[in-house]
Amino acid sequence: MAYGIETRCIHGEDGITREHAYGSMGTPIYQTATFAHPGVGQSTGFDYTRESNPTRSELERIVSSLEKAYDTVACASGMAALSILLELFENGSHFVCSEDLYGGSVRIFSTIGANRGLTFSYVNTADAELVEKAIKKETKALYIETPSNPTMQVTDLRAMKALAEKYGLLLIVDNTFLSPYFQNPIDLGADLVVHSGTKYLGGHNDALAGFLCSASKDLADKIRYIYKTTGGCLSPFESFLLIRGIKTLSVRMERQQENALKIANWLKEQEEIKGVYYVGLPEHPGYEINKSQARGFGGMISFHTDTAETAKRILERVKVISYAESLGGVESLITYPMLQTHGDVPAEIRERLGITDNFLRMSVGIENGDDLIEDLAQALKGE
Ligand SMILES: *Cc1c(COP(=O)(O)O)cnc(C)c1O
């Protein structure tokens, strides 16, 4: 019987800690670039760290176990994982993407991807009909974030899988927001899962990392080849930090979700707040679909304030919460997507999505929930 996910976060699929020298509970950091060969034509299993390293391999095995993947490569950042992903596709390939992707994803698609002859259509993937209409004969993949960033749209992954099968496309899911603790896209038919490990998996706002998980050997072989060739690998030390971070993923996600629900309900009652977007609120349009495909709602909330002044007042006055980019760590952060994460998204698309000067996104941490509410209250009221 497979272990539960809480156990796999700590021990991997098969109790990896048993394999460490001297019974070490902590994963040894193999801080080395190269490995001596025992004899001519022989290998210890590791030759050169760009290709593989024992600390990183352990991390990759844990993430594969959590995401139910055939294989996972650990990369220097989420963007490094995305740059490998683009290399899988030939010139002329077309993608249908969720319209409010992470801003950095839009940037790499529209510059480096476009220069390589790739094309991208952005649609509201919460509407499967719009997705089907956007599919052309050159389309090779669907690229989905659910819930999306930052407007929290939920896409029906089973419906996306049905379209991917009908048209022979790869289904790619950026699973950063819910993490494998709450959602496993491969179980629902995804071919590839992307992560910014910098966020919930690392969980402490202290390390950059990215993952590209593949569901099949065929894709894994291609990715391993690109990985060792382009060299965007995760260092042994960061691999250790990620292993350490993932051990507490389950308790962090539970507390973040609990705090997020409390805060979302409080925000709804505030006169200066005009719209609260949290997937865990039953009135959220994606509530039921998310519930049918994920085990939780996560810790990300977006909201509109009455005016830009209110939004700026919150950003400038929060004390426990920090006004900072990024998400998923133990510390609560609040961002101004218009200027930060989505600054590179064209203005007309931002306007259409509601990413305006009175729109904020909060990554809820694991602090005391009432302290976070009090901090928001003092910032909001300007008292
Ligand atoms: C942060 C983020 C990325 C990029 O990851 P980095 O680790 O910052 O390079 C990609 N997708 C999503 C959803 C993100 O939040």
# chains A, B, ... in the order shown; residues from 1 in each chain; ligands from 1
$ residues_around --residues "segment 115-131 of chain A" --least-positions-apart "2" --cutoff "6 Å" --atoms "only C-alpha atoms" --output "PDB file with N, CA and C atoms, in the first residue's frame"
ATOM      1  N   ASN A  91       9.787  24.526 -33.927  1.00  0.00           N
ATOM      2  CA  ASN A  91       9.405  25.764 -34.589  1.00  0.00           C
ATOM      3  C   ASN A  91       8.016  25.611 -35.236  1.00  0.00           C
ATOM      4  N   GLY A  92       7.154  26.584 -35.015  1.00  0.00           N
ATOM      5  CA  GLY A  92       5.822  26.530 -35.623  1.00  0.00           C
ATOM      6  C   GLY A  92       4.749  25.979 -34.689  1.00  0.00           C
ATOM      7  N   SER A  93       5.154  25.441 -33.541  1.00  0.00           N
ATOM      8  CA  SER A  93       4.151  24.875 -32.623  1.00  0.00           C
ATOM      9  C   SER A  93       3.323  25.988 -31.980  1.00  0.00           C
ATOM     10  N   HIS A  94       2.066  25.687 -31.774  1.00  0.00           N
ATOM     11  CA  HIS A  94       1.134  26.658 -31.176  1.00  0.00           C
ATOM     12  C   HIS A  94       0.617  26.113 -29.848  1.00  0.00           C
ATOM     13  N   PHE A  95       0.438  27.018 -28.882  1.00  0.00           N
ATOM     14  CA  PHE A  95      -0.063  26.648 -27.552  1.00  0.00           C
ATOM     15  C   PHE A  95      -1.348  27.406 -27.270  1.00  0.00           C
ATOM     16  N   VAL A  96      -2.286  26.760 -26.617  1.00  0.00           N
ATOM     17  CA  VAL A  96      -3.437  27.474 -26.055  1.00  0.00           C
ATOM     18  C   VAL A  96      -3.207  27.545 -24.544  1.00  0.00           C
ATOM     19  N   CYS A  97      -3.193  28.788 -24.022  1.00  0.00           N
ATOM     20  CA  CYS A  97      -2.814  29.019 -22.626  1.00  0.00           C
ATOM     21  C   CYS A  97      -3.947  29.676 -21.846  1.00  0.00           C
ATOM     22  N   SER A  98      -3.930  29.467 -20.533  1.00  0.00           N
ATOM     23  CA  SER A  98      -4.816  30.228 -19.644  1.00  0.00           C
ATOM     24  C   SER A  98      -4.466  31.705 -19.803  1.00  0.00           C
ATOM     25  N   GLU A  99      -5.475  32.573 -19.756  1.00  0.00           N
ATOM     26  CA  GLU A  99      -5.205  33.981 -20.100  1.00  0.00           C
ATOM     27  C   GLU A  99      -4.510  34.742 -18.976  1.00  0.00           C
ATOM     28  N   ILE A 112      11.284  34.861 -25.861  1.00  0.00           N
ATOM     29  CA  ILE A 112      12.151  33.743 -26.239  1.00  0.00           C
ATOM     30  C   ILE A 112      11.363  32.692 -27.031  1.00  0.00           C
ATOM     31  N   GLY A 113      10.152  32.406 -26.581  1.00  0.00           N
ATOM     32  CA  GLY A 113       9.307  31.444 -27.302  1.00  0.00           C
ATOM     33  C   GLY A 113       8.995  31.943 -28.708  1.00  0.00           C
ATOM     34  N   LYS A 133     -12.260  26.263 -29.473  1.00  0.00           N
ATOM     35  CA  LYS A 133     -12.258  27.188 -30.624  1.00  0.00           C
ATOM     36  C   LYS A 133     -10.856  27.698 -30.948  1.00  0.00           C
ATOM     37  N   ALA A 134     -10.014  27.788 -29.930  1.00  0.00           N
ATOM     38  CA  ALA A 134      -8.664  28.349 -30.137  1.00  0.00           C
ATOM     39  C   ALA A 134      -7.685  27.305 -30.687  1.00  0.00           C
ATOM     40  N   VAL A 154     -10.686  28.928 -12.134  1.00  0.00           N
ATOM     41  CA  VAL A 154     -10.478  27.483 -12.030  1.00  0.00           C
ATOM     42  C   VAL A 154     -10.782  26.833 -13.379  1.00  0.00           C
ATOM     43  N   THR A 155      -9.853  26.018 -13.854  1.00  0.00           N
ATOM     44  CA  THR A 155     -10.032  25.304 -15.124  1.00  0.00           C
ATOM     45  C   THR A 155     -10.314  23.833 -14.831  1.00  0.00           C
TER      46      THR A 155
END
$ residues_around --residues "segment 75-88 of chain A" --least-positions-apart "4" --cutoff "8 Å" --atoms "only C-alpha atoms" --output "PDB file with N, CA and C atoms, in the first residue's frame"
ATOM      1  N   GLY A 104       5.814  36.056 -15.607  1.00  0.00           N
ATOM      2  CA  GLY A 104       7.096  35.600 -16.153  1.00  0.00           C
ATOM      3  C   GLY A 104       6.907  34.541 -17.236  1.00  0.00           C
ATOM      4  N   SER A 105       5.838  33.761 -17.115  1.00  0.00           N
ATOM      5  CA  SER A 105       5.547  32.754 -18.151  1.00  0.00           C
ATOM      6  C   SER A 105       5.150  33.460 -19.441  1.00  0.00           C
ATOM      7  N   ILE A 108       8.350  34.875 -21.039  1.00  0.00           N
ATOM      8  CA  ILE A 108       9.227  33.937 -21.769  1.00  0.00           C
ATOM      9  C   ILE A 108       8.539  33.448 -23.053  1.00  0.00           C
ATOM     10  N   GLY A 113      10.152  32.406 -26.581  1.00  0.00           N
ATOM     11  CA  GLY A 113       9.307  31.444 -27.302  1.00  0.00           C
ATOM     12  C   GLY A 113       8.995  31.943 -28.708  1.00  0.00           C
ATOM     13  N   VAL A 194       4.544  21.610 -14.193  1.00  0.00           N
ATOM     14  CA  VAL A 194       5.604  22.585 -13.926  1.00  0.00           C
ATOM     15  C   VAL A 194       5.398  23.123 -12.518  1.00  0.00           C
ATOM     16  N   HIS A 195       6.512  23.378 -11.813  1.00  0.00           N
ATOM     17  CA  HIS A 195       6.431  24.018 -10.502  1.00  0.00           C
ATOM     18  C   HIS A 195       7.462  25.106 -10.368  1.00  0.00           C
ATOM     19  N   SER A 196       7.080  26.192  -9.745  1.00  0.00           N
ATOM     20  CA  SER A 196       8.068  27.051  -9.139  1.00  0.00           C
ATOM     21  C   SER A 196       8.255  26.496  -7.729  1.00  0.00           C
ATOM     22  N   GLY A 197       9.360  25.786  -7.518  1.00  0.00           N
ATOM     23  CA  GLY A 197       9.643  25.214  -6.193  1.00  0.00           C
ATOM     24  C   GLY A 197       9.993  26.288  -5.179  1.00  0.00           C
ATOM     25  N   THR A 198      10.227  27.491  -5.691  1.00  0.00           N
ATOM     26  CA  THR A 198      10.482  28.666  -4.851  1.00  0.00           C
ATOM     27  C   THR A 198       9.301  28.935  -3.921  1.00  0.00           C
ATOM     28  N   LEU A 208      15.416  29.590  -4.444  1.00  0.00           N
ATOM     29  CA  LEU A 208      14.767  29.473  -5.752  1.00  0.00           C
ATOM     30  C   LEU A 208      14.883  28.027  -6.221  1.00  0.00           C
ATOM     31  N   ALA A 209      13.838  27.536  -6.858  1.00  0.00           N
ATOM     32  CA  ALA A 209      13.897  26.192  -7.443  1.00  0.00           C
ATOM     33  C   ALA A 209      12.750  26.032  -8.422  1.00  0.00           C
ATOM     34  N   GLY A 210      12.887  25.080  -9.323  1.00  0.00           N
ATOM     35  CA  GLY A 210      11.801  24.768 -10.249  1.00  0.00           C
ATOM     36  C   GLY A 210      11.783  23.282 -10.523  1.00  0.00           C
ATOM     37  N   PHE A 211      10.631  22.773 -10.933  1.00  0.00           N
ATOM     38  CA  PHE A 211      10.521  21.346 -11.258  1.00  0.00           C
ATOM     39  C   PHE A 211       9.752  21.169 -12.559  1.00  0.00           C
ATOM     40  N   LEU A 212      10.175  20.162 -13.311  1.00  0.00           N
ATOM     41  CA  LEU A 212       9.418  19.752 -14.481  1.00  0.00           C
ATOM     42  C   LEU A 212       9.196  18.251 -14.330  1.00  0.00           C
ATOM     43  N   LYS A 222      13.401  12.853 -23.216  1.00  0.00           N
ATOM     44  CA  LYS A 222      13.676  14.095 -23.952  1.00  0.00           C
ATOM     45  C   LYS A 222      14.077  15.208 -22.981  1.00  0.00           C
ATOM     46  N   ILE A 223      13.362  15.279 -21.851  1.00  0.00           N
ATOM     47  CA  ILE A 223      13.635  16.345 -20.884  1.00  0.00           C
ATOM     48  C   ILE A 223      15.013  16.154 -20.246  1.00  0.00           C
ATOM     49  N   ILE A 226      17.616  17.485 -22.655  1.00  0.00           N
ATOM     50  CA  ILE A 226      17.666  18.962 -22.694  1.00  0.00           C
ATOM     51  C   ILE A 226      18.268  19.484 -21.389  1.00  0.00           C
ATOM     52  N   TYR A 227      17.906  18.866 -20.297  1.00  0.00           N
ATOM     53  CA  TYR A 227      18.365  19.285 -18.965  1.00  0.00           C
ATOM     54  C   TYR A 227      19.888  19.232 -18.873  1.00  0.00           C
ATOM     55  N   THR A 230      21.401  21.915 -21.459  1.00  0.00           N
ATOM     56  CA  THR A 230      21.287  23.364 -21.239  1.00  0.00           C
ATOM     57  C   THR A 230      21.800  23.773 -19.852  1.00  0.00           C
ATOM     58  N   GLY A 232      20.469  24.128 -16.636  1.00  0.00           N
ATOM     59  CA  GLY A 232      19.769  24.941 -15.619  1.00  0.00           C
ATOM     60  C   GLY A 232      19.438  24.154 -14.356  1.00  0.00           C
ATOM     61  N   CYS A 233      20.412  23.365 -13.867  1.00  0.00           N
ATOM     62  CA  CYS A 233      20.113  22.425 -12.774  1.00  0.00           C
ATOM     63  C   CYS A 233      20.132  23.101 -11.396  1.00  0.00           C
ATOM     64  N   LEU A 234      19.495  22.465 -10.440  1.00  0.00           N
ATOM     65  CA  LEU A 234      19.453  22.971  -9.061  1.00  0.00           C
ATOM     66  C   LEU A 234      20.737  22.538  -8.330  1.00  0.00           C
ATOM     67  N   SER A 235      21.308  23.463  -7.559  1.00  0.00           N
ATOM     68  CA  SER A 235      22.564  23.150  -6.856  1.00  0.00           C
ATOM     69  C   SER A 235      22.314  22.162  -5.715  1.00  0.00           C
TER      70      SER A 235
END
$ closest_residue --among "A:Met152, A:Ala69, A:Leu353, A:Val63" --to "ligand 1" --atoms "only C-alpha atoms and all ligand atoms"
A:Met152
$ closest_residue --among "A:Val251, A:Leu315, A:Leu101, A:Leu376" --to "ligand 1" --atoms "only C-alpha atoms and all ligand atoms"
A:Leu101
$ atom_distance --atom1 "atom CA of Thr310 of chain A" --atom2 "atom CA of Asn358 of chain A"
7.4 Å
$ residues_around --residues "segment 48-59 of chain A" --least-positions-apart "5" --cutoff "9 Å" --atoms "only C-alpha atoms" --output "ChimeraX atom specification"
/A:12,16,27-35,64,73-74,224-225,227-229,231-240,242-243
$ write_last_selection --atoms "C-alpha atoms" --output "compact mmCIF listing (two decimals), in the first residue's frame"
# COMPACT_ATOMS: atom_id res chain seq x y z
CA GLY A 12 9.61 9.66 -0.12
CA ILE A 16 14.82 7.06 1.53
CA THR A 27 20.08 14.41 3.64
CA PRO A 28 23.85 14.71 3.01
CA ILE A 29 24.74 17.64 0.75
CA TYR A 30 27.03 16.26 -1.94
CA GLN A 31 28.74 19.56 -2.63
CA THR A 32 30.76 18.37 -5.56
CA ALA A 33 30.94 19.10 -9.27
CA THR A 34 32.37 15.74 -10.26
CA PHE A 35 32.67 12.10 -9.14
CA SER A 64 8.01 12.50 -8.46
CA VAL A 73 14.03 17.27 -13.06
CA ALA A 74 14.95 19.85 -10.39
CA ARG A 224 16.68 14.66 -19.31
CA TYR A 225 18.59 15.25 -22.55
CA TYR A 227 18.37 19.29 -18.97
CA LYS A 228 21.93 18.00 -19.12
CA THR A 229 22.56 19.94 -22.32
CA GLY A 231 22.47 23.15 -17.61
CA GLY A 232 19.77 24.94 -15.62
CA CYS A 233 20.11 22.43 -12.77
CA LEU A 234 19.45 22.97 -9.06
CA SER A 235 22.56 23.15 -6.86
CA PRO A 236 23.20 20.51 -4.14
CA PHE A 237 22.65 23.04 -1.36
CA GLU A 238 19.36 24.35 -2.75
CA SER A 239 18.32 20.71 -3.27
CA PHE A 240 18.89 20.15 0.45
CA LEU A 242 13.97 21.97 -0.88
CA ILE A 243 14.06 18.50 0.71
